[in-house]
Structures are given as structure tokens and as C-alpha cells.
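Data file: final-v2.pdb. Format and content: PDB, C-alpha atoms, pLDDT in the B column.
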```
ATOM      1  CA  MET A 157      98.060  99.366 106.406  1.00 88.00           C
ATOM      2  CA  LEU A 158     101.628  98.788 107.505  1.00 92.00           C
ATOM      3  CA  VAL A 159     104.355  96.899 105.627  1.00 95.00           C
ATOM      4  CA  GLN A 160     104.356  94.238 108.373  1.00 94.00           C
ATOM      5  CA  ASP A 161     100.704  93.438 107.568  1.00 92.00           C
ATOM      6  CA  LEU A 162     101.639  92.303 104.079  1.00 92.00           C
ATOM      7  CA  MET A 163     105.297  91.326 104.009  1.00 95.00           C
ATOM      8  CA  THR A 164     106.553  87.795 103.604  1.00 94.00           C
ATOM      9  CA  PRO A 165     108.500  86.982 106.774  1.00 95.00           C
ATOM     10  CA  GLU A 166     111.655  84.872 106.570  1.00 92.00           C
ATOM     11  CA  PRO A 167     112.058  85.197 102.790  1.00 95.00           C
ATOM     12  CA  MET A 168     114.403  83.140 100.636  1.00 95.00           C
ATOM     13  CA  THR A 169     117.880  84.673 100.812  1.00 96.00           C
ATOM     14  CA  VAL A 170     121.400  84.071  99.543  1.00 97.00           C
ATOM     15  CA  ARG A 171     124.852  84.927 100.807  1.00 97.00           C
ATOM     16  CA  PRO A 172     127.510  86.689  98.733  1.00 97.00           C
ATOM     17  CA  SER A 173     129.364  83.359  98.489  1.00 97.00           C
ATOM     18  CA  THR A 174     126.346  81.517  96.998  1.00 97.00           C
ATOM     19  CA  THR A 175     127.053  80.314  93.475  1.00 96.00           C
ATOM     20  CA  VAL A 176     125.222  81.906  90.562  1.00 95.00           C
ATOM     21  CA  LYS A 177     123.864  78.463  89.621  1.00 95.00           C
ATOM     22  CA  GLU A 178     122.422  77.923  93.119  1.00 97.00           C
ATOM     23  CA  ALA A 179     120.868  81.409  93.139  1.00 97.00           C
ATOM     24  CA  LEU A 180     119.298  80.778  89.712  1.00 96.00           C
ATOM     25  CA  SER A 181     117.941  77.455  90.959  1.00 96.00           C
ATOM     26  CA  ARG A 182     116.301  79.124  93.964  1.00 96.00           C
ATOM     27  CA  LEU A 183     114.672  81.796  91.809  1.00 95.00           C
ATOM     28  CA  ALA A 184     113.320  79.133  89.461  1.00 96.00           C
ATOM     29  CA  GLN A 185     112.190  76.795  92.246  1.00 95.00           C
ATOM     30  CA  PHE A 186     110.310  79.422  94.233  1.00 93.00           C
ATOM     31  CA  GLY A 187     109.026  81.500  91.297  1.00 91.00           C
ATOM     32  CA  ILE A 188     110.543  84.746  92.521  1.00 92.00           C
ATOM     33  CA  THR A 189     112.422  87.451  90.630  1.00 91.00           C
ATOM     34  CA  CYS A 190     114.987  88.541  93.208  1.00 93.00           C
ATOM     35  CA  MET A 191     116.397  87.686  96.626  1.00 96.00           C
ATOM     36  CA  PRO A 192     117.972  89.645  99.442  1.00 97.00           C
ATOM     37  CA  VAL A 193     121.675  89.040  99.974  1.00 97.00           C
ATOM     38  CA  VAL A 194     122.539  88.749 103.677  1.00 97.00           C
ATOM     39  CA  ASP A 195     125.657  88.188 105.742  1.00 96.00           C
ATOM     40  CA  GLY A 196     126.088  85.556 108.471  1.00 94.00           C
ATOM     41  CA  SER A 197     124.220  87.754 110.977  1.00 95.00           C
ATOM     42  CA  GLY A 198     121.222  88.225 108.692  1.00 95.00           C
ATOM     43  CA  ARG A 199     122.111  91.841 107.910  1.00 96.00           C
ATOM     44  CA  LEU A 200     121.065  93.029 104.481  1.00 97.00           C
ATOM     45  CA  GLN A 201     124.008  93.402 102.102  1.00 97.00           C
ATOM     46  CA  GLY A 202     122.095  93.901  98.868  1.00 96.00           C
ATOM     47  CA  VAL A 203     119.715  92.302  96.409  1.00 96.00           C
ATOM     48  CA  VAL A 204     120.338  89.921  93.524  1.00 96.00           C
ATOM     49  CA  SER A 205     117.835  89.807  90.669  1.00 93.00           C
ATOM     50  CA  GLU A 206     117.204  87.643  87.642  1.00 93.00           C
ATOM     51  CA  ALA A 207     118.846  90.309  85.482  1.00 91.00           C
ATOM     52  CA  ASP A 208     121.948  90.349  87.691  1.00 92.00           C
ATOM     53  CA  LEU A 209     122.274  86.584  87.456  1.00 92.00           C
ATOM     54  CA  ILE A 210     121.744  86.134  83.706  1.00 90.00           C
ATOM     55  CA  ARG A 211     123.806  89.103  82.540  1.00 86.00           C
ATOM     56  CA  ASP A 212     127.137  87.919  81.093  1.00 77.00           C
ATOM     57  CA  VAL A 213     126.207  84.255  81.529  1.00 76.00           C
ATOM     58  CA  VAL A 214     124.587  83.421  78.183  1.00 74.00           C
ATOM     59  CA  ALA A 215     127.197  83.130  75.423  1.00 71.00           C
ATOM     60  CA  PRO A 216     126.281  83.992  71.803  1.00 71.00           C
ATOM     61  CA  ASP A 217     125.316  80.964  69.729  1.00 73.00           C
ATOM     62  CA  PRO A 218     127.308  80.807  66.471  1.00 71.00           C
ATOM     63  CA  ARG A 219     124.338  79.158  64.751  1.00 77.00           C
ATOM     64  CA  ALA A 220     122.389  82.424  65.021  1.00 77.00           C
ATOM     65  CA  GLN A 221     124.866  84.264  62.774  1.00 73.00           C
ATOM     66  CA  GLU A 222     125.093  84.272  58.955  1.00 72.00           C
ATOM     67  CA  ARG A 223     128.859  84.463  59.093  1.00 71.00           C
ATOM     68  CA  PRO A 224     131.093  82.461  61.349  1.00 68.00           C
ATOM     69  CA  VAL A 225     131.624  84.188  64.647  1.00 64.00           C
ATOM     70  CA  SER A 226     134.894  84.083  66.430  1.00 67.00           C
ATOM     71  CA  VAL A 227     134.119  82.664  69.802  1.00 63.00           C
ATOM     72  CA  GLU A 228     135.656  84.726  72.550  1.00 65.00           C
ATOM     73  CA  PRO A 229     136.189  83.043  75.860  1.00 61.00           C
ATOM     74  CA  VAL A 230     133.430  83.900  78.312  1.00 65.00           C
ATOM     75  CA  PHE A 231     134.287  84.233  81.974  1.00 77.00           C
ATOM     76  CA  PRO A 232     130.875  84.221  83.589  1.00 84.00           C
ATOM     77  CA  PRO A 233     130.477  85.278  87.184  1.00 88.00           C
ATOM     78  CA  ARG A 234     130.641  82.380  89.610  1.00 92.00           C
ATOM     79  CA  THR A 235     129.182  83.831  92.819  1.00 95.00           C
ATOM     80  CA  VAL A 236     126.490  86.261  93.869  1.00 96.00           C
ATOM     81  CA  GLU A 237     129.265  88.511  95.230  1.00 96.00           C
ATOM     82  CA  GLU A 238     130.239  89.339  91.645  1.00 94.00           C
ATOM     83  CA  VAL A 239     126.810  90.469  90.460  1.00 94.00           C
ATOM     84  CA  TYR A 240     124.498  91.619  93.248  1.00 95.00           C
ATOM     85  CA  THR A 241     123.276  95.177  93.772  1.00 93.00           C
ATOM     86  CA  ARG A 242     124.720  96.727  96.893  1.00 93.00           C
ATOM     87  CA  HIS A 243     122.922  99.376  98.985  1.00 86.00           C
ATOM     88  CA  PRO A 244     119.370  98.418  97.999  1.00 89.00           C
ATOM     89  CA  VAL A 245     116.328 100.476  98.838  1.00 92.00           C
ATOM     90  CA  SER A 246     114.615  98.946 101.859  1.00 95.00           C
ATOM     91  CA  VAL A 247     111.715  99.657 104.188  1.00 96.00           C
ATOM     92  CA  ARG A 248     110.928  98.898 107.810  1.00 97.00           C
ATOM     93  CA  ALA A 249     108.094  96.717 109.091  1.00 96.00           C
ATOM     94  CA  LYS A 250     106.287  99.658 110.755  1.00 95.00           C
ATOM     95  CA  ASP A 251     106.457 101.847 107.614  1.00 96.00           C
ATOM     96  CA  ASP A 252     103.210 102.774 105.919  1.00 94.00           C
ATOM     97  CA  LEU A 253     102.529 100.426 103.002  1.00 94.00           C
ATOM     98  CA  ALA A 254     101.658 103.496 100.918  1.00 93.00           C
ATOM     99  CA  ARG A 255     105.305 104.603 101.212  1.00 94.00           C
ATOM    100  CA  ALA A 256     106.547 101.198 100.040  1.00 95.00           C
ATOM    101  CA  VAL A 257     104.137 101.257  97.101  1.00 95.00           C
ATOM    102  CA  ASP A 258     105.344 104.744  96.188  1.00 95.00           C
ATOM    103  CA  VAL A 259     108.936 103.476  96.110  1.00 94.00           C
ATOM    104  CA  MET A 260     108.028 100.411  94.028  1.00 94.00           C
ATOM    105  CA  THR A 261     105.968 102.379  91.499  1.00 93.00           C
ATOM    106  CA  SER A 262     108.460 105.223  91.101  1.00 93.00           C
ATOM    107  CA  THR A 263     111.390 102.871  90.454  1.00 89.00           C
ATOM    108  CA  ALA A 264     111.915  99.609  88.607  1.00 82.00           C
ATOM    109  CA  VAL A 265     112.012  97.747  91.938  1.00 88.00           C
ATOM    110  CA  LYS A 266     109.516  94.863  92.104  1.00 90.00           C
ATOM    111  CA  SER A 267     110.109  94.022  95.752  1.00 93.00           C
ATOM    112  CA  LEU A 268     111.647  95.632  98.801  1.00 96.00           C
ATOM    113  CA  PRO A 269     113.616  94.055 101.628  1.00 97.00           C
ATOM    114  CA  VAL A 270     112.164  94.811 105.055  1.00 97.00           C
ATOM    115  CA  VAL A 271     114.776  95.416 107.755  1.00 97.00           C
ATOM    116  CA  ASP A 272     114.814  96.054 111.495  1.00 96.00           C
ATOM    117  CA  ASP A 273     116.626  98.913 113.242  1.00 94.00           C
ATOM    118  CA  GLU A 274     119.959  97.059 113.053  1.00 93.00           C
ATOM    119  CA  GLY A 275     119.666  96.359 109.326  1.00 93.00           C
ATOM    120  CA  ARG A 276     118.741  92.683 109.739  1.00 96.00           C
ATOM    121  CA  LEU A 277     116.335  91.284 107.190  1.00 97.00           C
ATOM    122  CA  VAL A 278     112.893  90.511 108.619  1.00 97.00           C
ATOM    123  CA  GLY A 279     110.882  90.141 105.418  1.00 97.00           C
ATOM    124  CA  VAL A 280     110.170  91.172 101.851  1.00 97.00           C
ATOM    125  CA  VAL A 281     107.202  93.051 100.395  1.00 96.00           C
ATOM    126  CA  SER A 282     106.500  92.889  96.669  1.00 94.00           C
ATOM    127  CA  ARG A 283     104.218  94.469  94.117  1.00 94.00           C
ATOM    128  CA  SER A 284     102.488  91.116  93.689  1.00 93.00           C
ATOM    129  CA  ASP A 285     101.750  91.088  97.455  1.00 93.00           C
ATOM    130  CA  VAL A 286     100.011  94.452  97.042  1.00 94.00           C
ATOM    131  CA  VAL A 287      98.078  93.232  93.998  1.00 95.00           C
ATOM    132  CA  GLN A 288      96.878  90.165  95.932  1.00 94.00           C
ATOM    133  CA  VAL A 289      95.598  92.220  98.849  1.00 94.00           C
ATOM    134  CA  LEU A 290      93.910  94.808  96.632  1.00 93.00           C
ATOM    135  CA  ALA A 291      92.160  91.998  94.752  1.00 95.00           C
ATOM    136  CA  ARG A 292      90.456  90.704  97.932  1.00 95.00           C
ATOM    137  CA  ALA A 293      86.729  90.173  97.512  1.00 97.00           C
ATOM    138  CA  ASP A 294      84.450  92.945  98.758  1.00 97.00           C
ATOM    139  CA  ASP A 295      82.467  90.560 100.975  1.00 97.00           C
ATOM    140  CA  VAL A 296      85.666  89.415 102.708  1.00 97.00           C
ATOM    141  CA  ILE A 297      86.733  93.017 103.280  1.00 97.00           C
ATOM    142  CA  ALA A 298      83.268  93.877 104.618  1.00 97.00           C
ATOM    143  CA  ALA A 299      83.346  90.922 107.019  1.00 97.00           C
ATOM    144  CA  ASP A 300      86.776  91.978 108.329  1.00 97.00           C
ATOM    145  CA  VAL A 301      85.732  95.607 108.852  1.00 97.00           C
ATOM    146  CA  ASP A 302      82.466  94.516 110.479  1.00 96.00           C
ATOM    147  CA  GLU A 303      84.308  92.134 112.822  1.00 96.00           C
ATOM    148  CA  LEU A 304      86.761  94.839 113.899  1.00 96.00           C
ATOM    149  CA  LEU A 305      83.984  97.337 114.565  1.00 96.00           C
ATOM    150  CA  ARG A 306      81.950  94.747 116.518  1.00 95.00           C
ATOM    151  CA  SER A 307      85.022  93.921 118.623  1.00 95.00           C
ATOM    152  CA  LEU A 308      85.041  97.609 119.600  1.00 94.00           C
ATOM    153  CA  GLY A 309      81.368  97.488 120.616  1.00 93.00           C
ATOM    154  CA  HIS A 310      79.791  98.919 117.457  1.00 93.00           C
ATOM    155  CA  GLN A 311      77.432  96.113 116.367  1.00 91.00           C
ATOM    156  CA  ASP A 312      74.810  98.551 115.063  1.00 93.00           C
ATOM    157  CA  TRP A 313      77.015 100.150 112.386  1.00 95.00           C
ATOM    158  CA  LEU A 314      76.348  99.057 108.818  1.00 96.00           C
ATOM    159  CA  VAL A 315      79.328  98.208 106.602  1.00 96.00           C
ATOM    160  CA  GLU A 316      79.113  97.983 102.810  1.00 97.00           C
ATOM    161  CA  VAL A 317      82.018  97.533 100.383  1.00 97.00           C
ATOM    162  CA  THR A 318      82.016  98.156  96.640  1.00 97.00           C
ATOM    163  CA  ASP A 319      85.231  97.820  94.624  1.00 96.00           C
ATOM    164  CA  GLY A 320      87.319  98.154  97.790  1.00 95.00           C
ATOM    165  CA  ILE A 321      85.536 101.335  98.873  1.00 97.00           C
ATOM    166  CA  VAL A 322      84.120 100.934 102.383  1.00 97.00           C
ATOM    167  CA  SER A 323      80.988 102.790 103.466  1.00 97.00           C
ATOM    168  CA  VAL A 324      80.180 102.817 107.170  1.00 97.00           C
ATOM    169  CA  SER A 325      76.772 104.052 108.328  1.00 96.00           C
ATOM    170  CA  GLY A 326      75.817 104.635 111.943  1.00 94.00           C
ATOM    171  CA  PRO A 327      78.618 106.542 113.669  1.00 94.00           C
ATOM    172  CA  SER A 328      77.422 109.726 115.333  1.00 92.00           C
ATOM    173  CA  GLY A 329      79.718 112.579 116.147  1.00 92.00           C
ATOM    174  CA  ALA A 330      83.273 113.306 115.054  1.00 94.00           C
ATOM    175  CA  PRO A 331      85.018 110.839 117.424  1.00 94.00           C
ATOM    176  CA  GLU A 332      82.910 107.883 116.234  1.00 95.00           C
ATOM    177  CA  ARG A 333      83.317 108.842 112.561  1.00 95.00           C
ATOM    178  CA  SER A 334      87.069 109.133 113.065  1.00 96.00           C
ATOM    179  CA  LEU A 335      87.183 105.727 114.779  1.00 96.00           C
ATOM    180  CA  ALA A 336      85.227 104.091 111.947  1.00 96.00           C
ATOM    181  CA  HIS A 337      87.539 105.636 109.362  1.00 95.00           C
ATOM    182  CA  VAL A 338      90.761 104.614 111.135  1.00 95.00           C
ATOM    183  CA  VAL A 339      89.592 101.069 111.870  1.00 95.00           C
ATOM    184  CA  ALA A 340      88.328 100.421 108.334  1.00 96.00           C
ATOM    185  CA  GLN A 341      91.502 101.837 106.770  1.00 94.00           C
ATOM    186  CA  THR A 342      93.615  99.172 108.537  1.00 92.00           C
ATOM    187  CA  VAL A 343      91.855  96.273 106.778  1.00 94.00           C
ATOM    188  CA  PRO A 344      93.776  94.753 103.864  1.00 93.00           C
ATOM    189  CA  GLY A 345      92.186  95.556 100.509  1.00 93.00           C
ATOM    190  CA  VAL A 346      90.501  98.798 101.552  1.00 94.00           C
ATOM    191  CA  ILE A 347      91.059 101.513  98.955  1.00 94.00           C
ATOM    192  CA  GLU A 348      88.929 104.257 100.459  1.00 95.00           C
ATOM    193  CA  VAL A 349      86.680 104.768 103.497  1.00 96.00           C
ATOM    194  CA  ARG A 350      83.488 106.805 103.565  1.00 96.00           C
ATOM    195  CA  VAL A 351      81.652 107.367 106.826  1.00 95.00           C
ATOM    196  CA  ASP A 352      78.048 108.575 106.767  1.00 88.00           C
TER     197      ASP A 352
END
```
Would you write the structure of this file as C-alpha cells?
Amino acid sequence: MLVQDLMTPEPMTVRPSTTVKEALSRLAQFGITCMPVVDGSGRLQGVVSEADLIRDVVAPDPRAQERPVSVEPVFPPRTVEEVYTRHPVSVRAKDDLARAVDVMTSTAVKSLPVVDDEGRLVGVVSRSDVVQVLARADDVIAADVDELLRSLGHQDWLVEVTDGIVSVSGPSGAPERSLAHVVAQTVPGVIEVRVD
């Protein structure tokens, strides 16, 4: 499966000049944890996360202390420009989803911006997107694999799916087994393919 098969196209974004308050409002409204930061041409500049936006914004409450606390003036950041992470890790739409998952699981990154060859943002892929696709029902996966194989003229092949593992019976010879394996592996939610 490719990143483009799963990514969210045209994701919510902010500009460096967006206020921290507006960025926080967008995160809260859309239930997301971070947003790409883009320039006027849609080129990726960085990423701003919940942590970036709340750091240095919440002042200590004197009521939480046993002794009076001297209140120091707080100068919270006002714009995304002051807090966002520059040079984020990104992927391309035609990258293998397995590569994107490897990046997300080996770092603390929950989502990755997807860019084109000129660095313009074209989407976002997140860990929750991967979870949703891997949670697809076996009967839905089986129907998708079966439909793809039938569209290629293989109506007599039997497709069974258990826990995301696809078993295809019927292909004869190495070329047909290879075709069945490749086709089934492209279906969202497939964890493994076995061809008898």
C-alpha cells in the first residue's frame, strides 16, 4: 500500500503568521494533534503540535502553592512562527506506507506531512489512519481482494481472510501466484498474503 492510498488530502494547515490562539482553536475544533505549517505557495515550512502551542502559555497558579509565589511576567508566544518545528520529517505520496509507519513508530511523530517533488503539501498520514485501515473487517477486505482479482479475469480463485491475513487458492504456476500476491497486498487492511 502506498501513502497516497491512506493519506488525508488537503489537510488543515496554518501559516507562520497564524496566532497561537487560532492554531489552538483549529486543533480543538478538528480533533487533531498537529498541523503542517505552510507558506503562501503551499510549501511545507514545518509542523506545529499541541506541545509546541501549550508550552510557555500556561502560567503557574498561585493557589496551587503553600507559600505565596512571586508572579513573574509571562510573555507567551503570539504566533506559530515562534513555536513551530522547522525541517519536519515528511514523506511523498508514492512512498511505501511501510516506510511511513517505520518512521512514525521509530520516532515520537504521530503524523507525517506528505509533499510533492517541489515540497508543496499534498496531504497528511497519521498513525490513527493506519490503525483505521488495519482494523477493517475481514469480510470487507475479502470482498475488495475478490473484486480486484475478478476484474483481472480470475473469478475462479477463492479468497479467504482471517485477522487481515489473506489466503488465495486457485492460482497455478509462478506468474499467477505472483499476481495474486501483488494484487492482494495492495488492498487496505491486508497484513499478510498466502497463495496456495
| field | Å distance separating CA of Asp294 (chain A) from CA of Val339 (chain A), one decimal place | value |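 Separating CA of Asp294 (chain A) from CA of Val339 (chain A) is a distance of 16.3 Å.
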| said: If we count all atoms listed in the file and set the cut-off at 9 Å, which residues sit around Ala254 (chain A), ignoring sequence neighbours fewer than 3 positions away in its own chain? Please answer as a VMD selection string. | reply: chain A and resid 157 to 159 251 257 to 259
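Checking A:Pro192, A:Leu209, A:Gln221, A:Val351 one by one against Gly329 (chain A), counting all atoms listed in the file, you find the shortest gap at A:Val351.
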| request: Show which residues sit within 10 Å of Thr318 (chain A), as a ChimeraX atom specification. Count all atoms listed in the file, and ignore same-chain residues fewer than 6 positions away. | output: /A:293-295,297-298,346-348
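Considering all atoms listed in the file, the residue among A:Asp208, A:Asp352, A:Glu166, A:Glu303 positioned nearest to Pro327 (chain A) is A:Asp352.
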| task | Would you work out the distance separating CA of Gly275 (chain A) from CA of Gly196 (chain A), expressed in Å to one decimal? | result | 12.6 Å
| said: Once the PyMOL selection byres ((chain A and resi 301) around 9) has been evaluated on this model, what residues remain selected, and can you format them as a VMD selection string? | reply: chain A and resid 296 to 300 302 to 306 315 322 339 to 343
Which centre and which edge lengths, in Å to one decimal, describe the axis-aligned box that holds all listed atoms of region 200-205 of chain A after 4 Å is added on each side, as AutoDock Vina command-line options?
```
--center_x 120.9 --center_y 91.9 --center_z 97.6 --size_x 14.2 --size_y 12.1 --size_z 21.8
```
| request: Decode the PyMOL selection byres ((chain A and resi 241) around 6) for the given file into explicit residues and return them as number ranges by chain. | output: A: 202-203, 240, 242
| CA of Ala215 (chain A) and CA of Ser173 (chain A), how far apart in Å? |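 Answer for the CA of Ser173 (chain A) to CA of Ala215 (chain A) separation: 23.2 Å.
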| message | Between A:Ala207, A:Val239, A:Val349, A:Ala249, which residue has the minimum interatomic distance to Val317 (chain A), considering all atoms listed in the file? | response |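 Among the listed residues, A:Val349 lies closest to Val317 (chain A).
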| task | Name the closest residue to Val194 (chain A) among the candidates A:Arg276, A:His337, A:Arg350, A:Arg248; distances are taken between atoms, counting all atoms listed in the file. | result |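 Closest to Val194 (chain A), using all atoms listed in the file: A:Arg276.
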Would you kindly translate the PyMOL selection byres ((chain A and resi 277) around 10) into the concrete residues it picks from this file, as a short mmCIF file (atom, residue, chain, number, x, y, z; two decimals) with C-alpha atoms, in the coordinates of the input?
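As written to disk, expr37.cif reads:
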```cif
data_model
loop_
_atom_site.label_atom_id
_atom_site.label_comp_id
_atom_site.auth_asym_id
_atom_site.auth_seq_id
_atom_site.Cartn_x
_atom_site.Cartn_y
_atom_site.Cartn_z
CA PRO A 165 108.50 86.98 106.77
CA GLU A 166 111.66 84.87 106.57
CA PRO A 167 112.06 85.20 102.79
CA THR A 169 117.88 84.67 100.81
CA PRO A 192 117.97 89.64 99.44
CA VAL A 193 121.68 89.04 99.97
CA VAL A 194 122.54 88.75 103.68
CA ASP A 195 125.66 88.19 105.74
CA SER A 197 124.22 87.75 110.98
CA GLY A 198 121.22 88.22 108.69
CA ARG A 199 122.11 91.84 107.91
CA LEU A 200 121.06 93.03 104.48
CA GLN A 201 124.01 93.40 102.10
CA SER A 246 114.62 98.95 101.86
CA ARG A 248 110.93 98.90 107.81
CA PRO A 269 113.62 94.06 101.63
CA VAL A 270 112.16 94.81 105.06
CA VAL A 271 114.78 95.42 107.76
CA ASP A 272 114.81 96.05 111.50
CA ASP A 273 116.63 98.91 113.24
CA GLU A 274 119.96 97.06 113.05
CA GLY A 275 119.67 96.36 109.33
CA ARG A 276 118.74 92.68 109.74
CA VAL A 278 112.89 90.51 108.62
CA GLY A 279 110.88 90.14 105.42
CA VAL A 280 110.17 91.17 101.85
#
```
Please produce region 209-224 of chain A, completed to N, CA, C and O atoms, as a compact mmCIF listing (two decimals), in the frame of the given file.
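File produced: result-v6.txt:
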```
# COMPACT_ATOMS: atom_id res chain seq x y z
N LEU A 209 121.76 87.95 87.57
CA LEU A 209 122.27 86.58 87.46
C LEU A 209 122.44 86.11 86.02
O LEU A 209 123.30 85.27 85.74
N ILE A 210 121.63 86.61 85.09
CA ILE A 210 121.74 86.13 83.71
C ILE A 210 122.66 86.99 82.84
O ILE A 210 123.13 86.54 81.80
N ARG A 211 122.91 88.22 83.30
CA ARG A 211 123.81 89.10 82.54
C ARG A 211 125.19 88.46 82.47
O ARG A 211 125.70 87.97 83.46
N ASP A 212 125.78 88.44 81.31
CA ASP A 212 127.14 87.92 81.09
C ASP A 212 127.26 86.42 81.28
O ASP A 212 128.35 85.90 81.39
N VAL A 213 126.14 85.70 81.35
CA VAL A 213 126.21 84.26 81.53
C VAL A 213 125.88 83.51 80.23
O VAL A 213 126.43 82.46 79.96
N VAL A 214 125.00 84.08 79.42
CA VAL A 214 124.59 83.42 78.18
C VAL A 214 125.52 83.84 77.05
O VAL A 214 125.57 85.02 76.68
N ALA A 215 126.26 82.87 76.52
CA ALA A 215 127.20 83.13 75.42
C ALA A 215 126.45 83.17 74.10
O ALA A 215 125.45 82.48 73.92
N PRO A 216 126.92 83.97 73.12
CA PRO A 216 126.28 83.99 71.80
C PRO A 216 126.39 82.62 71.13
O PRO A 216 127.40 81.94 71.24
N ASP A 217 125.34 82.24 70.45
CA ASP A 217 125.32 80.96 69.73
C ASP A 217 125.76 81.21 68.29
O ASP A 217 125.12 81.98 67.58
N PRO A 218 126.82 80.57 67.83
CA PRO A 218 127.31 80.81 66.47
C PRO A 218 126.29 80.42 65.40
O PRO A 218 126.34 80.93 64.29
N ARG A 219 125.35 79.56 65.73
CA ARG A 219 124.34 79.16 64.75
C ARG A 219 123.38 80.30 64.41
O ARG A 219 122.70 80.26 63.40
N ALA A 220 123.30 81.31 65.24
CA ALA A 220 122.39 82.42 65.02
C ALA A 220 122.98 83.47 64.07
O ALA A 220 122.30 84.44 63.76
N GLN A 221 124.19 83.28 63.62
CA GLN A 221 124.87 84.26 62.77
C GLN A 221 124.96 83.75 61.33
O GLN A 221 125.10 82.56 61.09
N GLU A 222 124.92 84.66 60.35
CA GLU A 222 125.09 84.27 58.96
C GLU A 222 126.55 83.96 58.66
O GLU A 222 126.86 83.12 57.83
N ARG A 223 127.42 84.68 59.28
CA ARG A 223 128.86 84.46 59.09
C ARG A 223 129.42 83.82 60.34
O ARG A 223 128.90 84.04 61.44
N PRO A 224 130.47 83.06 60.16
CA PRO A 224 131.09 82.46 61.35
C PRO A 224 131.50 83.55 62.34
O PRO A 224 131.96 84.61 61.97
```
